[in-house]
Amino acid sequence: MHAADPAVITAAILAGGAGSRLGGRDKGLQPLAGRPLIAHVLAALRPQAGTTLIVANRHRERYAAFAPVVSDAVPGFRGPLAGIAAVLAACRSDWLLTAPVDCPAPPCDLARRLWAAARAAGARLAVAHDGTRPQPLFALYARDLAGAAAEALASDLPVWRWQETLGAAVADFADVPAAFANLNTAADFRRWEQDHA
């Protein structure tokens, strides 16, 4: 494949959480600088992929106004691996790029750098590292990992542990750690708006 050719990548935004730190509100639909949070993430990821999906377990009709929606195959907010497994099963392109909905400004070259790391390591999976810690929800997966994801979900593995068992390549994003800043509380939303006014 040509380096990170968007045509062979599906980008999926993981928006299936319960929003427990926002009083149960659906985080991706909360307003941020005049637009729902999901709109910010989509704007960053759409240029990097041929297809965009949203993983959501609530308010499917509202999310569907932004992109096609996939829901967890297992009920009960089982965590991000449930969303990753569901969207890998639905993915029709060679590669799947994932990012969480609570990060409004993921790197504009996320797919390219993850792809380069996977290619250099001969791996079917690459994970971002912000210079301090891995960022397991920012990852690029070969589509044929759908079965492995379903098995890991059945075993209740955390995402990072499953990625380790697969020998994930690591992509270095130490030059842009702020791109991985995530919003969990109402105060986080207000702070981001102030910083980006």
# chains A, B, ... in the order shown; residues from 1 in each chain; ligands from 1
$ residues_around --residues "A:Ala33" --least-positions-apart "4" --cutoff "10 Å" --atoms "only C-alpha atoms" --output "count of residues only"
9
$ residues_around --residues "stretch 113-120 of chain A" --least-positions-apart "4" --cutoff "8 Å" --atoms "only C-alpha atoms" --output "PDB file with N, CA and C atoms, in the first residue's frame"
ATOM      1  N   ALA A   3       2.045   4.767   1.264  1.00  0.00           N
ATOM      2  CA  ALA A   3       2.147   5.174   2.665  1.00  0.00           C
ATOM      3  C   ALA A   3       0.859   5.822   3.160  1.00  0.00           C
ATOM      4  N   ALA A   4       0.195   5.129   4.073  1.00  0.00           N
ATOM      5  CA  ALA A   4      -1.006   5.648   4.735  1.00  0.00           C
ATOM      6  C   ALA A   4      -2.026   6.186   3.731  1.00  0.00           C
ATOM      7  N   ASP A 109      -1.469  13.880  11.415  1.00  0.00           N
ATOM      8  CA  ASP A 109      -0.734  12.823  10.717  1.00  0.00           C
ATOM      9  C   ASP A 109      -0.764  11.522  11.514  1.00  0.00           C
ATOM     10  N   ARG A 124       0.956  -5.863  12.482  1.00  0.00           N
ATOM     11  CA  ARG A 124      -0.417  -5.665  12.023  1.00  0.00           C
ATOM     12  C   ARG A 124      -1.161  -4.654  12.887  1.00  0.00           C
ATOM     13  N   LEU A 125      -0.424  -4.021  13.801  1.00  0.00           N
ATOM     14  CA  LEU A 125      -1.026  -3.095  14.754  1.00  0.00           C
ATOM     15  C   LEU A 125       0.036  -2.110  15.203  1.00  0.00           C
ATOM     16  N   ALA A 126      -0.335  -0.840  15.293  1.00  0.00           N
ATOM     17  CA  ALA A 126       0.567   0.182  15.837  1.00  0.00           C
ATOM     18  C   ALA A 126      -0.216   1.064  16.799  1.00  0.00           C
ATOM     19  N   VAL A 127       0.467   1.483  17.858  1.00  0.00           N
ATOM     20  CA  VAL A 127      -0.139   2.284  18.916  1.00  0.00           C
ATOM     21  C   VAL A 127       0.674   3.555  19.105  1.00  0.00           C
ATOM     22  N   ALA A 128      -0.008   4.655  19.377  1.00  0.00           N
ATOM     23  CA  ALA A 128       0.680   5.925  19.614  1.00  0.00           C
ATOM     24  C   ALA A 128       1.289   5.966  21.016  1.00  0.00           C
ATOM     25  N   ALA A 139      -4.808   4.060  17.647  1.00  0.00           N
ATOM     26  CA  ALA A 139      -4.130   2.884  17.102  1.00  0.00           C
ATOM     27  C   ALA A 139      -4.569   2.622  15.669  1.00  0.00           C
ATOM     28  N   LEU A 140      -3.751   1.841  14.972  1.00  0.00           N
ATOM     29  CA  LEU A 140      -4.048   1.414  13.609  1.00  0.00           C
ATOM     30  C   LEU A 140      -3.982  -0.106  13.580  1.00  0.00           C
ATOM     31  N   ALA A 168       2.322  -5.115  19.296  1.00  0.00           N
ATOM     32  CA  ALA A 168       2.044  -3.830  18.655  1.00  0.00           C
ATOM     33  C   ALA A 168       3.305  -3.012  18.447  1.00  0.00           C
ATOM     34  N   ALA A 169       3.412  -2.414  17.260  1.00  0.00           N
ATOM     35  CA  ALA A 169       4.472  -1.439  17.023  1.00  0.00           C
ATOM     36  C   ALA A 169       4.106  -0.151  17.762  1.00  0.00           C
ATOM     37  N   VAL A 170       5.111   0.649  18.075  1.00  0.00           N
ATOM     38  CA  VAL A 170       4.896   1.895  18.803  1.00  0.00           C
ATOM     39  C   VAL A 170       5.288   3.069  17.912  1.00  0.00           C
ATOM     40  N   ALA A 171       4.372   4.012  17.764  1.00  0.00           N
ATOM     41  CA  ALA A 171       4.639   5.223  16.983  1.00  0.00           C
ATOM     42  C   ALA A 171       4.918   6.371  17.942  1.00  0.00           C
ATOM     43  N   ASP A 172       6.024   7.050  17.728  1.00  0.00           N
ATOM     44  CA  ASP A 172       6.470   8.111  18.627  1.00  0.00           C
ATOM     45  C   ASP A 172       5.813   9.446  18.270  1.00  0.00           C
TER      46      ASP A 172
END
$ atom_distance --atom1 "atom CA of A:Gly167" --atom2 "atom CA of A:Cys108"
24.9 Å
$ select_by_dssp --residues "stretch 44-103 of chain A" --states "strand (DSSP E or B)" --output "list of chain:residue names"
A:Thr51, A:Thr52, A:Leu53, A:Ile54, A:Val55, A:Val69, A:Val70, A:Trp95, A:Leu96, A:Leu97, A:Thr98, A:Ala99, A:Pro100
$ write_last_selection --atoms "N, CA and C atoms" --output "compact mmCIF listing (two decimals), in the first residue's frame"
# COMPACT_ATOMS: atom_id res chain seq x y z
N THR A 51 -13.07 6.25 4.77
CA THR A 51 -14.38 6.02 5.39
C THR A 51 -14.28 6.41 6.86
N THR A 52 -15.35 6.96 7.40
CA THR A 52 -15.38 7.31 8.82
C THR A 52 -16.60 6.68 9.47
N LEU A 53 -16.40 6.09 10.65
CA LEU A 53 -17.47 5.48 11.42
C LEU A 53 -17.44 6.04 12.84
N ILE A 54 -18.57 5.95 13.52
CA ILE A 54 -18.65 6.32 14.93
C ILE A 54 -19.15 5.11 15.71
N VAL A 55 -18.45 4.77 16.78
CA VAL A 55 -18.91 3.72 17.68
C VAL A 55 -19.70 4.39 18.80
N VAL A 69 -22.99 4.75 12.10
CA VAL A 69 -22.78 4.35 13.49
C VAL A 69 -22.71 2.84 13.62
N VAL A 70 -21.76 2.39 14.44
CA VAL A 70 -21.63 0.98 14.83
C VAL A 70 -21.78 0.93 16.34
N TRP A 95 -7.30 -1.37 6.72
CA TRP A 95 -6.82 -0.89 8.02
C TRP A 95 -7.90 -0.10 8.74
N LEU A 96 -7.85 -0.16 10.06
CA LEU A 96 -8.77 0.58 10.90
C LEU A 96 -7.98 1.50 11.82
N LEU A 97 -8.28 2.79 11.75
CA LEU A 97 -7.69 3.80 12.63
C LEU A 97 -8.70 4.12 13.72
N THR A 98 -8.27 4.10 14.98
CA THR A 98 -9.19 4.44 16.07
C THR A 98 -8.67 5.64 16.86
N ALA A 99 -9.63 6.41 17.38
CA ALA A 99 -9.33 7.52 18.27
C ALA A 99 -10.54 7.71 19.18
N PRO A 100 -10.32 8.14 20.42
CA PRO A 100 -11.44 8.36 21.33
C PRO A 100 -12.12 9.70 21.08
$ residues_around --residues "stretch 150-160 of chain A" --least-positions-apart "2" --cutoff "8 Å" --atoms "only C-alpha atoms" --output "list in words"
Pro80, Leu81, Ala82, Ala85, Pro136, Leu137, Ala146, Gly147, Ala148, Trp162, Gln163 and Glu164 of chain A
$ atom_distance --atom1 "atom CA of A:Ala86" --atom2 "atom CA of A:Asp72"
5.4 Å
$ residues_around --residues "A:Val101" --least-positions-apart "4" --cutoff "7 Å" --atoms "only C-alpha atoms" --output "ChimeraX atom specification"
/A:13-15,28,38,41
$ closest_residue --among "A:Pro104, A:Asp175, A:Asn57, A:Ala142" --to "A:Arg35" --atoms "only C-alpha atoms"
A:Pro104
$ closest_residue --among "A:Leu183, A:Ala178, A:Ala67, A:Ile84" --to "A:Leu42" --atoms "only C-alpha atoms"
A:Ala67
$ select_by_dssp --residues "chain A" --states "alpha helix (DSSP H)" --output "JSON, numbers by chain"
{"A": [37, 38, 39, 40, 41, 42, 43, 44, 45, 60, 61, 62, 63, 80, 81, 82, 83, 84, 85, 86, 87, 88, 89, 90, 110, 111, 112, 113, 114, 115, 116, 117, 118, 119, 120, 121, 146, 147, 148, 149, 150, 151, 152, 153, 154, 159, 160, 161, 162, 163, 164, 165, 186, 187, 188, 189, 190, 191, 192, 193, 194, 195]}
$ write_last_selection --atoms "C-alpha atoms" --output "compact mmCIF listing (two decimals), in the first residue's frame"
# COMPACT_ATOMS: atom_id res chain seq x y z
CA LEU A 37 -17.21 17.43 20.45
CA ILE A 38 -17.70 14.69 17.83
CA ALA A 39 -17.51 17.33 15.06
CA HIS A 40 -14.03 18.40 16.18
CA VAL A 41 -12.70 14.84 16.13
CA LEU A 42 -14.26 14.11 12.75
CA ALA A 43 -12.68 17.22 11.26
CA ALA A 44 -9.25 15.94 12.29
CA LEU A 45 -9.73 12.33 11.15
CA ARG A 60 -27.41 6.59 17.59
CA GLU A 61 -29.72 8.79 15.53
CA ARG A 62 -27.91 11.96 16.61
CA TYR A 63 -24.50 10.50 15.84
CA PRO A 80 -13.26 0.48 24.53
CA LEU A 81 -12.27 -3.03 23.47
CA ALA A 82 -15.96 -3.79 22.89
CA GLY A 83 -16.13 -0.85 20.50
CA ILE A 84 -12.88 -1.80 18.78
CA ALA A 85 -14.08 -5.38 18.30
CA ALA A 86 -17.42 -4.19 16.89
CA VAL A 87 -15.89 -1.75 14.44
CA LEU A 88 -13.18 -4.19 13.31
CA ALA A 89 -15.97 -6.64 12.50
CA ALA A 90 -17.72 -3.91 10.48
CA LEU A 110 -1.95 10.14 13.14
CA ALA A 111 -2.64 7.56 10.43
CA ARG A 112 0.59 8.26 8.54
CA ARG A 113 2.84 7.87 11.56
CA LEU A 114 1.03 4.80 12.88
CA TRP A 115 1.26 3.21 9.44
CA ALA A 116 4.99 3.98 9.22
CA ALA A 117 5.56 2.36 12.63
CA ALA A 118 3.58 -0.75 11.67
CA ARG A 119 5.40 -1.05 8.37
CA ALA A 120 8.84 -0.61 9.94
CA ALA A 121 8.11 -3.32 12.52
CA ALA A 146 -11.33 -8.72 14.14
CA GLY A 147 -11.35 -12.31 15.40
CA ALA A 148 -8.51 -11.66 17.83
CA ALA A 149 -10.36 -8.62 19.19
CA ALA A 150 -13.51 -10.67 19.79
CA GLU A 151 -11.48 -13.32 21.63
CA ALA A 152 -9.74 -10.70 23.77
CA LEU A 153 -13.11 -9.16 24.63
CA ALA A 154 -14.46 -12.55 25.67
CA VAL A 159 -7.04 -2.90 25.36
CA TRP A 160 -3.38 -2.26 26.18
CA ARG A 161 -2.81 -5.87 27.29
CA TRP A 162 -4.36 -7.22 24.11
CA GLN A 163 -2.21 -4.90 22.04
CA GLU A 164 0.91 -6.12 23.87
CA THR A 165 0.05 -9.76 23.17
CA ALA A 186 -17.17 20.04 32.41
CA ALA A 187 -14.13 21.91 33.72
CA ASP A 188 -11.97 20.24 31.05
CA PHE A 189 -14.36 21.49 28.37
CA ARG A 190 -14.24 25.04 29.70
CA ARG A 191 -10.44 24.98 30.00
CA TRP A 192 -10.03 23.79 26.41
CA GLU A 193 -12.32 26.53 25.16
CA GLN A 194 -10.33 29.15 27.06
CA ASP A 195 -7.02 27.79 25.74
